[in-house]
>>> print(open('my_file.cif').read())   # mmCIF, C-alpha atoms and all ligand atoms
data_coords
#
loop_
_atom_site.label_atom_id
_atom_site.label_comp_id
_atom_site.auth_asym_id
_atom_site.auth_seq_id
_atom_site.Cartn_x
_atom_site.Cartn_y
_atom_site.Cartn_z
CA MET D 25 0.00 0.00 0.00
CA ILE D 26 1.32 3.39 -0.95
CA GLN D 27 0.89 6.24 1.52
CA VAL D 28 0.90 9.90 0.44
CA PRO D 29 3.46 11.74 2.59
CA ALA D 30 2.09 14.57 4.71
CA PHE D 31 4.52 17.19 3.39
CA PRO D 32 3.32 17.23 -0.25
CA ARG D 33 -0.28 17.70 0.94
CA PHE D 34 0.85 20.75 2.97
CA ALA D 35 2.77 22.06 -0.04
CA ARG D 36 -0.31 21.67 -2.26
CA SER D 37 -2.35 23.69 0.27
CA LEU D 38 0.23 26.46 0.21
CA THR D 39 0.02 26.54 -3.59
CA VAL D 40 -3.77 26.95 -3.42
CA LEU D 41 -3.44 29.72 -0.81
CA ALA D 42 -0.82 31.51 -2.88
CA ALA D 43 -3.01 31.34 -5.97
CA ALA D 44 -5.99 32.66 -4.01
CA SER D 45 -4.03 35.60 -2.64
CA LEU D 46 -2.69 36.34 -6.11
CA VAL D 47 -6.24 36.60 -7.44
CA ALA D 48 -7.19 38.84 -4.51
CA SER D 49 -4.23 41.15 -5.09
CA CYS D 50 -5.15 41.53 -8.75
CA GLY D 51 -8.39 43.35 -8.09
CA GLY D 52 -10.62 41.77 -5.51
CA GLY D 53 -11.27 38.48 -7.27
CA GLY D 54 -11.10 39.15 -10.98
CA GLY D 55 -11.59 42.94 -11.30
CA ASP D 56 -9.66 45.26 -13.60
CA SER D 57 -6.28 46.12 -12.07
CA THR D 58 -5.56 48.91 -14.59
CA PRO D 59 -5.34 52.25 -12.73
CA LYS D 60 -8.22 54.59 -13.46
CA ASP D 61 -7.45 58.11 -14.68
CA VAL D 62 -8.91 60.91 -12.61
CA SER D 63 -9.01 64.65 -13.26
CA ILE D 64 -10.28 66.95 -10.54
CA ASN D 65 -11.21 70.39 -11.82
CA PHE D 66 -11.27 73.58 -9.79
CA ALA D 67 -13.12 76.85 -10.43
CA ALA D 68 -13.46 80.17 -8.62
CA ILE D 69 -16.90 81.56 -7.86
CA ALA D 70 -18.33 84.57 -6.07
CA ASN D 71 -22.02 85.27 -5.51
CA GLY D 72 -22.70 81.96 -7.21
CA ALA D 73 -21.10 82.94 -10.53
CA PRO D 74 -17.66 82.27 -12.04
CA VAL D 75 -14.95 84.81 -11.24
CA GLN D 76 -13.74 86.44 -14.45
CA CYS D 77 -10.29 87.68 -15.26
CA GLY D 78 -10.43 91.46 -14.90
CA GLY D 79 -14.07 91.35 -13.82
CA THR D 80 -15.61 92.86 -10.70
CA VAL D 81 -16.80 90.84 -7.74
CA THR D 82 -19.46 92.56 -5.67
CA GLY D 83 -20.63 92.07 -2.11
CA LEU D 84 -17.22 91.02 -0.86
CA GLY D 85 -16.50 90.93 2.86
CA THR D 86 -18.24 92.60 5.79
CA THR D 87 -18.70 95.89 3.92
CA GLY D 88 -20.04 94.31 0.73
CA ALA D 89 -17.15 95.71 -1.27
CA ALA D 90 -16.73 95.65 -5.04
CA ALA D 91 -13.30 94.38 -6.00
CA SER D 92 -11.32 92.76 -8.76
CA VAL D 93 -9.43 89.57 -8.05
CA LYS D 94 -5.72 90.03 -8.65
CA ASP D 95 -4.29 86.63 -7.78
CA LEU D 96 -5.80 83.26 -6.96
CA ARG D 97 -3.36 80.40 -6.65
CA PHE D 98 -3.07 77.61 -4.11
CA TYR D 99 -1.29 74.32 -3.52
CA VAL D 100 -3.22 71.07 -3.14
CA SER D 101 -1.82 67.90 -1.55
CA ASN D 102 -2.87 64.62 0.08
CA VAL D 103 -5.53 64.22 -2.62
CA ALA D 104 -7.75 61.17 -2.16
CA LEU D 105 -11.10 59.94 -3.44
CA LEU D 106 -13.63 58.57 -0.97
CA ASP D 107 -15.17 55.18 -1.61
CA ILE D 108 -18.72 54.29 -0.63
CA GLY D 109 -17.48 53.27 2.82
CA GLY D 110 -15.94 56.71 3.32
CA ASN D 111 -12.41 55.35 3.03
CA ALA D 112 -9.82 57.69 1.52
CA VAL D 113 -8.06 56.16 -1.49
CA PRO D 114 -4.99 58.25 -2.41
CA VAL D 115 -4.74 59.68 -5.92
CA SER D 116 -1.31 58.98 -7.45
CA LEU D 117 -0.52 62.37 -8.93
CA ALA D 118 0.82 62.59 -12.46
CA THR D 119 4.11 64.47 -12.81
CA ASN D 120 3.94 67.51 -15.09
CA GLY D 121 4.61 71.23 -15.15
CA TRP D 122 2.02 71.88 -12.45
CA GLN D 123 2.39 68.95 -10.11
CA SER D 124 4.84 66.48 -8.59
CA ASP D 125 3.96 63.20 -6.91
CA LYS D 126 3.33 65.15 -3.66
CA VAL D 127 1.70 68.44 -4.53
CA ALA D 128 -0.16 70.33 -7.28
CA LEU D 129 -0.48 74.05 -7.91
CA ILE D 130 -3.89 75.32 -8.97
CA SER D 131 -3.62 78.67 -10.74
CA LEU D 132 -7.01 80.25 -11.43
CA LEU D 133 -5.94 83.88 -11.72
CA ASP D 134 -2.50 85.43 -11.84
CA ALA D 135 -2.00 89.12 -12.33
CA THR D 136 1.53 89.42 -11.04
CA GLY D 137 2.73 90.21 -14.57
CA THR D 138 1.43 92.92 -16.85
CA ALA D 139 -1.76 91.07 -17.82
CA CYS D 140 -4.36 89.00 -16.05
CA VAL D 141 -3.78 85.31 -16.71
CA ALA D 142 -6.87 83.17 -16.18
CA ASN D 143 -7.14 79.46 -15.56
CA ALA D 144 -3.51 78.61 -16.23
CA ASN D 145 -3.99 75.35 -14.38
CA VAL D 146 -7.43 74.22 -13.23
CA ALA D 147 -7.03 70.50 -12.64
CA VAL D 148 -5.27 67.94 -10.49
CA THR D 149 -4.66 64.78 -12.51
CA GLY D 150 -3.59 61.29 -11.56
CA THR D 151 -4.79 57.74 -11.13
CA VAL D 152 -6.68 55.68 -8.59
CA PRO D 153 -7.38 51.93 -8.40
CA GLN D 154 -10.53 50.86 -10.25
CA GLY D 155 -13.57 51.28 -8.03
CA THR D 156 -16.60 53.36 -7.19
CA TYR D 157 -15.90 56.72 -5.64
CA VAL D 158 -18.39 59.14 -4.16
CA GLY D 159 -16.30 61.86 -2.52
CA LEU D 160 -13.03 63.76 -2.38
CA GLN D 161 -10.60 64.99 0.21
CA PHE D 162 -7.46 67.08 -0.03
CA GLU D 163 -5.45 69.63 1.84
CA MET D 164 -4.77 73.20 0.82
CA GLY D 165 -1.07 73.26 1.62
CA VAL D 166 2.38 71.95 0.80
CA PRO D 167 3.53 68.81 2.66
CA GLU D 168 6.08 69.58 5.36
CA SER D 169 8.57 67.15 3.76
CA VAL D 170 8.97 69.48 0.75
CA ASN D 171 7.77 72.84 2.11
CA HIS D 172 11.21 74.20 2.94
CA THR D 173 13.01 73.27 -0.28
CA ASP D 174 14.70 75.99 -2.32
CA THR D 175 12.54 77.25 -5.21
CA VAL D 176 15.65 77.48 -7.39
CA GLY D 177 16.53 74.07 -8.81
CA THR D 178 13.41 72.42 -7.37
CA ALA D 179 11.02 70.60 -9.69
CA ALA D 180 7.58 72.01 -10.52
CA PRO D 181 5.33 73.06 -8.95
CA LEU D 182 7.56 74.18 -6.07
CA ASN D 183 9.77 76.28 -8.35
CA VAL D 184 7.30 79.17 -8.64
CA ALA D 185 9.01 82.23 -7.21
CA ALA D 186 5.71 84.03 -6.50
CA MET D 187 4.72 81.21 -4.15
CA ALA D 188 8.00 81.30 -2.19
CA TRP D 189 7.62 82.67 1.30
CA SER D 190 11.00 83.84 2.45
CA TRP D 191 9.89 85.16 5.84
CA GLN D 192 8.94 81.62 6.94
CA ALA D 193 11.43 79.69 4.76
CA GLY D 194 8.61 77.81 3.06
CA ARG D 195 5.80 78.27 0.58
CA LYS D 196 2.65 80.30 0.44
CA PHE D 197 0.01 77.56 0.48
CA ALA D 198 -2.45 80.07 -0.95
CA LYS D 199 -2.00 83.48 -2.57
CA ILE D 200 -5.38 85.14 -2.92
CA GLU D 201 -5.39 88.89 -3.47
CA VAL D 202 -8.19 91.34 -4.17
CA ASP D 203 -8.19 95.00 -5.20
CA PRO D 204 -11.24 96.78 -3.73
CA GLN D 205 -12.55 99.66 -5.84
CA ALA D 206 -12.57 101.80 -2.67
CA ARG D 207 -8.92 100.83 -2.04
CA VAL D 208 -7.64 99.55 1.31
CA THR D 209 -7.36 102.01 4.16
CA LYS D 210 -4.53 101.23 6.55
CA ALA D 211 -4.28 101.97 10.28
CA ASP D 212 -2.34 105.18 9.58
CA ALA D 213 -5.19 106.36 7.29
CA THR D 214 -3.14 106.02 4.10
CA THR D 215 -4.53 103.79 1.38
CA THR D 216 -3.15 101.00 -0.77
CA THR D 217 -4.39 98.88 -3.66
CA THR D 218 -4.44 95.24 -2.57
CA TRP D 219 -5.82 93.23 0.33
CA ASN D 220 -3.72 90.04 0.54
CA PHE D 221 -4.50 86.63 1.91
CA HIS D 222 -1.33 84.55 2.08
CA LEU D 223 -1.66 81.24 3.89
CA GLY D 224 1.35 79.23 5.04
CA SER D 225 2.98 77.59 8.03
CA THR D 226 4.26 80.04 10.62
CA GLY D 227 6.56 80.00 13.62
CA CYS D 228 9.17 78.28 11.44
CA LYS D 229 12.79 78.22 12.45
CA ALA D 230 15.89 76.33 11.44
CA ASP D 231 16.23 72.99 13.24
CA THR D 232 19.05 70.69 12.22
CA THR D 233 17.52 67.77 14.12
CA ASN D 234 14.56 67.77 11.70
CA ALA D 235 14.87 66.12 8.28
CA THR D 236 13.49 69.22 6.53
CA GLY D 237 15.92 71.49 8.38
CA TYR D 238 13.05 73.48 9.88
CA VAL D 239 10.34 73.19 12.46
CA CYS D 240 7.13 75.26 12.51
CA THR D 241 4.75 75.90 15.40
CA ASN D 242 1.64 76.47 13.23
CA SER D 243 0.92 74.09 10.36
CA ASN D 244 -1.98 76.18 8.98
CA ARG D 245 -2.88 73.55 6.36
CA MET D 246 -6.58 73.53 5.48
CA PRO D 247 -8.20 70.10 5.24
CA VAL D 248 -11.16 69.71 2.88
CA ARG D 249 -13.54 66.76 2.69
CA LEU D 250 -16.43 66.68 0.22
CA THR D 251 -18.54 63.63 1.02
CA ALA D 252 -20.46 63.94 -2.26
CA PHE D 253 -18.28 64.65 -5.28
CA ASP D 254 -18.26 63.24 -8.82
CA ALA D 255 -15.11 64.23 -10.73
CA THR D 256 -16.73 63.52 -14.10
CA THR D 257 -19.62 65.94 -13.72
CA GLN D 258 -18.47 68.31 -10.99
CA ALA D 259 -15.64 70.72 -10.23
CA VAL D 260 -14.40 71.90 -6.86
CA SER D 261 -15.39 75.53 -6.43
CA ILE D 262 -13.50 77.94 -4.22
CA ASN D 263 -16.09 80.44 -3.05
CA LEU D 264 -14.61 83.90 -2.54
CA THR D 265 -17.86 85.24 -1.06
CA GLU D 266 -17.53 82.66 1.70
CA LEU D 267 -13.76 83.00 2.09
CA PHE D 268 -13.93 86.75 2.75
CA SER D 269 -17.31 86.71 4.54
CA THR D 270 -15.85 87.74 7.90
CA SER D 271 -13.12 90.08 6.59
CA ASP D 272 -13.25 93.79 5.82
CA VAL D 273 -11.23 93.86 2.61
CA THR D 274 -11.33 97.68 2.50
CA ARG D 275 -9.41 98.03 5.75
CA ASP D 276 -6.14 96.85 7.25
CA THR D 277 -5.68 97.16 10.99
CA GLY D 278 -1.95 96.48 11.11
CA GLY D 279 0.87 94.14 10.18
CA ALA D 280 1.00 93.02 6.54
CA VAL D 281 -1.79 94.49 4.41
CA GLY D 282 -4.62 91.99 4.70
CA CYS D 283 -3.63 88.69 6.30
CA MET D 284 -0.31 87.00 5.64
CA SER D 285 -0.83 84.48 8.45
CA GLY D 286 1.19 86.58 10.90
CA ALA D 287 0.49 85.44 14.44
CA THR D 288 -0.27 88.98 15.70
CA ASP D 289 -2.25 90.20 12.68
CA ALA D 290 -5.85 90.79 13.79
CA ASP D 291 -6.98 90.78 10.15
CA CYS D 292 -6.32 87.02 10.12
CA THR D 293 -8.90 86.10 12.75
CA GLY D 294 -11.88 86.27 10.40
CA ILE D 295 -10.40 84.55 7.40
CA PHE D 296 -8.85 81.75 9.49
CA SER D 297 -12.33 81.14 10.93
CA THR D 298 -13.77 80.67 7.43
CA ILE D 299 -11.06 78.20 6.39
CA LYS D 300 -11.63 76.41 9.70
CA VAL D 301 -8.06 76.63 10.91
CA ASN D 302 -7.42 77.62 14.53
CA PHE D 303 -5.50 80.88 14.27
CA THR D 304 -3.79 80.28 17.60
CA SER D 305 -2.64 76.70 17.08
CA GLY D 306 -2.74 76.21 13.31
CA ALA D 307 -4.77 73.00 13.73
CA PRO D 308 -8.20 72.34 12.18
CA LEU D 309 -11.02 74.23 13.93
CA ASP D 310 -14.65 73.26 14.64
CA GLY D 311 -14.45 69.96 12.79
CA GLY D 312 -12.24 71.49 10.07
CA SER D 313 -12.80 69.65 6.81
CA ALA D 314 -16.38 68.70 7.67
CA THR D 315 -17.56 72.22 8.45
CA GLN D 316 -15.69 74.44 5.99
CA LYS D 317 -17.79 76.07 3.27
CA VAL D 318 -15.07 77.67 1.14
CA PHE D 319 -14.66 74.63 -1.10
CA ALA D 320 -17.72 72.80 -2.46
CA ALA D 321 -18.80 70.53 -5.29
CA ARG D 322 -20.31 72.39 -8.25
CA THR D 323 -21.61 71.21 -11.63
CA LYS D 324 -18.97 71.77 -14.31
CA CA D 401 -3.08 93.02 8.45
#
>>> encode(input="my_file.cif", output="structure tokens", more="lines below")
Ligand code: CA
Amino acid sequence: MIQVPAFPRFARSLTVLAAASLVASCGGGGGDSTPKDVSINFAAIANGAPVQCGGTVTGLGTTGAAASVKDLRFYVSNVALLDIGGNAVPVSLATNGWQSDKVALISLLDATGTACVANANVAVTGTVPQGTYVGLQFEMGVPESVNHTDTVGTAAPLNVAAMAWSWQAGRKFAKIEVDPQARVTKADATTTTTWNFHLGSTGCKADTTNATGYVCTNSNRMPVRLTAFDATTQAVSINLTELFSTSDVTRDTGGAVGCMSGATDADCTGIFSTIKVNFTSGAPLDGGSATQKVFAARTK
């Protein structure tokens, strides 16, 4: 009588297990493992309508000011789609002139040159695993691991000089500037053209024990979570009416004109409350991503 040794039986079981796990790793039991392209569009709105290059936005801020938008650029990172269970599935960013694998620059308006440049870059592009996605989350900010790199010699999109922020050795996460028709009256009663909102990490100082060479007390990154978002039919709107709703853009009470995230600038209190970032600590405020109204889903 021939007996089958125990070892081969065990080996056969391992083979079956290995085959089963291989199937599972290739897409949940037979699904398509080809990454799915995703393009997430952004658009600026005010009073429910698109913001135009050179156009006038009315009803802005606590005084209902009329203003033109001079600059509207911001960095986006940690981009993920939400599946039906609410799980965040990271988007692998494509590498191009506007984004690296870690961060993308959205440029909706740029008037730092001689002419207004509109919609230079409106989309974050990349891939996700095949699946059904119902929402989106991202952060307005530059990841700390690359925030303090030199703009010279650094790959796009961190090589944009206008987004460098020398006073904190990092980047402006957002550069949003408006020119009120009534101008901006400063504390000394003189006037100037532009009310600035520059967001970025503050309290930064050189620290050789940290891998980035710096340490900052206030992160000031704005988390956004849209539980209902369809990238094929919708864009992410940044709502300037909401962003400036608690700011008087015709007045500056001190420090940098407008709010450049300075810890003692009283003009920052309102706008930090609308982006749901705690102005004192730099951490998300009042539920942060779940309660902010600046970014929303909007039909393309
Ligand atoms: Ca100020």
>>> axis_aligned_box(input="my_file.cif", around="range 280-285 of chain D", padding_each_side="6 Å", output="lines of an AutoDock Vina configuration file")
center_x = -1.8
center_y = 89.5
center_z = 6.4
size_x = 17.6
size_y = 22.0
size_z = 16.0
>>> residues_near_ligand(input="my_file.cif", ligand="ligand CA 401 (chain D)", cutoff="6 Å", atoms="all atoms listed in the file", output="list in words")
Asp276, Thr277, Gly278, Gly279, Ala280, Val281, Gly282, Cys283, Asp289 and Asp291 of chain D
>>> atom_distance(input="my_file.cif", atom1="CA of Asn143 in chain D", atom2="CA of Ile262 in chain D")
13.1 Å
>>> closest_residue(input="my_file.cif", among="D:Ala185, D:Val158, D:Val127, D:Cys228", to="Thr241 in chain D", atoms="only C-alpha atoms")
D:Cys228
>>> residues_around(input="my_file.cif", residues="range 57-72 of chain D", least_positions_apart="2", cutoff="10 Å", atoms="only C-alpha atoms", output="MDAnalysis selection string")
chainID D and resid 49:52 54:55 74:76 80:84 96 103 105 115:118 130:133 143 145:155 160 253:267 318:322 324
>>> residues_around(input="my_file.cif", residues="range 173-184 of chain D", least_positions_apart="4", cutoff="10 Å", atoms="all atoms listed in the file", output="JSON list (two decimals) with C-alpha atoms, keeping the file's coordinate frame")
[["chain", "number", "residue", "atom", "x", "y", "z"],
["D", 99, "TYR", "CA", -1.29, 74.32, -3.52],
["D", 119, "THR", "CA", 4.11, 64.47, -12.81],
["D", 120, "ASN", "CA", 3.94, 67.51, -15.09],
["D", 121, "GLY", "CA", 4.61, 71.23, -15.15],
["D", 122, "TRP", "CA", 2.02, 71.88, -12.45],
["D", 123, "GLN", "CA", 2.39, 68.95, -10.11],
["D", 124, "SER", "CA", 4.84, 66.48, -8.59],
["D", 126, "LYS", "CA", 3.33, 65.15, -3.66],
["D", 127, "VAL", "CA", 1.70, 68.44, -4.53],
["D", 128, "ALA", "CA", -0.16, 70.33, -7.28],
["D", 129, "LEU", "CA", -0.48, 74.05, -7.91],
["D", 130, "ILE", "CA", -3.89, 75.32, -8.97],
["D", 166, "VAL", "CA", 2.38, 71.95, 0.80],
["D", 168, "GLU", "CA", 6.08, 69.58, 5.36],
["D", 169, "SER", "CA", 8.57, 67.15, 3.76],
["D", 188, "ALA", "CA", 8.00, 81.30, -2.19],
["D", 189, "TRP", "CA", 7.62, 82.67, 1.30],
["D", 190, "SER", "CA", 11.00, 83.84, 2.45],
["D", 193, "ALA", "CA", 11.43, 79.69, 4.76],
["D", 194, "GLY", "CA", 8.61, 77.81, 3.06],
["D", 195, "ARG", "CA", 5.80, 78.27, 0.58],
["D", 236, "THR", "CA", 13.49, 69.22, 6.53],
["D", 237, "GLY", "CA", 15.92, 71.49, 8.38]]
>>> closest_residue(input="my_file.cif", among="D:Thr251, D:Thr86, D:Asn244, D:Thr293", to="Thr315 in chain D", atoms="only C-alpha atoms")
D:Thr251
>>> residues_near_point(input="my_file.cif", point="(-6.4, 87.4, -13.4)", cutoff="8 Å", atoms="all atoms listed in the file", output="mmCIF file with C-alpha atoms, keeping the file's coordinate frame")
data_model
loop_
_atom_site.group_PDB
_atom_site.id
_atom_site.type_symbol
_atom_site.label_atom_id
_atom_site.label_comp_id
_atom_site.auth_asym_id
_atom_site.auth_seq_id
_atom_site.Cartn_x
_atom_site.Cartn_y
_atom_site.Cartn_z
ATOM 1 C CA GLN D 76 -13.740 86.440 -14.450
ATOM 2 C CA CYS D 77 -10.290 87.680 -15.260
ATOM 3 C CA GLY D 78 -10.430 91.460 -14.900
ATOM 4 C CA VAL D 93 -9.430 89.570 -8.050
ATOM 5 C CA LYS D 94 -5.720 90.030 -8.650
ATOM 6 C CA ASP D 95 -4.290 86.630 -7.780
ATOM 7 C CA LEU D 96 -5.800 83.260 -6.960
ATOM 8 C CA LEU D 132 -7.010 80.250 -11.430
ATOM 9 C CA LEU D 133 -5.940 83.880 -11.720
ATOM 10 C CA ASP D 134 -2.500 85.430 -11.840
ATOM 11 C CA ALA D 135 -2.000 89.120 -12.330
ATOM 12 C CA ALA D 139 -1.760 91.070 -17.820
ATOM 13 C CA CYS D 140 -4.360 89.000 -16.050
ATOM 14 C CA VAL D 141 -3.780 85.310 -16.710
ATOM 15 C CA ALA D 142 -6.870 83.170 -16.180
#
>>> closest_residue(input="my_file.cif", among="D:His222, D:Lys196, D:Arg249, D:Lys300", to="Asn102 in chain D", atoms="only C-alpha atoms")
D:Arg249
>>> atom_distance(input="my_file.cif", atom1="CA of Thr288 in chain D", atom2="CA of Leu223 in chain D")
14.2 Å
>>> residues_near_point(input="my_file.cif", point="(-18.7, 77.2, 9.2)", cutoff="10 Å", atoms="all atoms listed in the file", output="ChimeraX atom specification")
/D:266,297-300,309-318
>>> closest_residue(input="my_file.cif", among="D:Asn171, D:Ser101, D:Thr226, D:Thr136", to="Met246 in chain D", atoms="all atoms listed in the file")
D:Ser101
>>> closest_residue(input="my_file.cif", among="D:Val301, D:Leu106, D:Val273, D:Ala112", to="Ala206 in chain D", atoms="only C-alpha atoms")
D:Val273
>>> atom_distance(input="my_file.cif", atom1="CA of Gly110 in chain D", atom2="CA of Asp56 in chain D")
21.4 Å
>>> closest_residue(input="my_file.cif", among="D:Gly137, D:Gly159, D:Pro204, D:Gly85", to="Ile108 in chain D", atoms="only C-alpha atoms")
D:Gly159
>>> build_atoms(input="my_file.cif", residues="range 300-309 of chain D", atoms="all heavy atoms", output="short mmCIF file (atom, residue, chain, number, x, y, z; two decimals), keeping the file's coordinate frame")
data_model
loop_
_atom_site.label_atom_id
_atom_site.label_comp_id
_atom_site.auth_asym_id
_atom_site.auth_seq_id
_atom_site.Cartn_x
_atom_site.Cartn_y
_atom_site.Cartn_z
N LYS D 300 -11.55 77.39 8.62
CA LYS D 300 -11.63 76.41 9.70
C LYS D 300 -10.25 75.93 10.16
O LYS D 300 -10.00 74.73 10.33
CB LYS D 300 -12.52 75.22 9.33
CG LYS D 300 -13.96 75.60 9.05
CD LYS D 300 -14.63 76.19 10.28
CE LYS D 300 -16.04 76.67 9.99
NZ LYS D 300 -16.61 77.42 11.13
N VAL D 301 -9.37 76.90 10.32
CA VAL D 301 -8.06 76.63 10.91
C VAL D 301 -7.95 77.50 12.16
O VAL D 301 -8.23 78.70 12.12
CB VAL D 301 -6.91 76.96 9.93
CG1 VAL D 301 -5.55 76.90 10.63
CG2 VAL D 301 -6.93 75.98 8.75
N ASN D 302 -7.57 76.90 13.26
CA ASN D 302 -7.42 77.62 14.53
C ASN D 302 -6.24 78.59 14.40
O ASN D 302 -5.10 78.16 14.22
CB ASN D 302 -7.17 76.60 15.66
CG ASN D 302 -7.15 77.26 17.02
OD1 ASN D 302 -6.52 78.30 17.22
ND2 ASN D 302 -7.84 76.65 17.97
N PHE D 303 -6.54 79.88 14.50
CA PHE D 303 -5.50 80.88 14.27
C PHE D 303 -4.42 80.83 15.35
O PHE D 303 -3.27 81.18 15.10
CB PHE D 303 -6.14 82.28 14.21
CG PHE D 303 -5.17 83.37 13.90
CD1 PHE D 303 -4.27 83.26 12.84
CD2 PHE D 303 -5.14 84.53 14.66
CE1 PHE D 303 -3.37 84.27 12.55
CE2 PHE D 303 -4.24 85.54 14.38
CZ PHE D 303 -3.35 85.41 13.33
N THR D 304 -4.76 80.35 16.52
CA THR D 304 -3.79 80.28 17.60
C THR D 304 -2.86 79.08 17.47
O THR D 304 -1.65 79.19 17.63
CB THR D 304 -4.51 80.22 18.97
OG1 THR D 304 -5.37 81.34 19.07
CG2 THR D 304 -3.51 80.22 20.12
N SER D 305 -3.45 77.92 17.11
CA SER D 305 -2.64 76.70 17.08
C SER D 305 -2.23 76.25 15.69
O SER D 305 -1.29 75.49 15.52
CB SER D 305 -3.42 75.56 17.75
OG SER D 305 -4.52 75.18 16.94
N GLY D 306 -3.00 76.67 14.67
CA GLY D 306 -2.74 76.21 13.31
C GLY D 306 -3.35 74.86 12.99
O GLY D 306 -3.17 74.32 11.89
N ALA D 307 -4.11 74.30 13.93
CA ALA D 307 -4.77 73.00 13.73
C ALA D 307 -6.19 73.22 13.22
O ALA D 307 -6.74 74.31 13.36
CB ALA D 307 -4.80 72.23 15.05
N PRO D 308 -6.81 72.19 12.63
CA PRO D 308 -8.20 72.34 12.18
C PRO D 308 -9.12 72.79 13.32
O PRO D 308 -8.94 72.41 14.47
CB PRO D 308 -8.55 70.94 11.70
CG PRO D 308 -7.25 70.37 11.25
CD PRO D 308 -6.24 70.89 12.25
N LEU D 309 -10.12 73.60 12.96
CA LEU D 309 -11.02 74.23 13.93
C LEU D 309 -12.45 73.77 13.69
O LEU D 309 -12.87 73.62 12.53
CB LEU D 309 -10.92 75.75 13.73
CG LEU D 309 -11.84 76.68 14.50
CD1 LEU D 309 -11.41 76.77 15.95
CD2 LEU D 309 -11.82 78.08 13.86
#
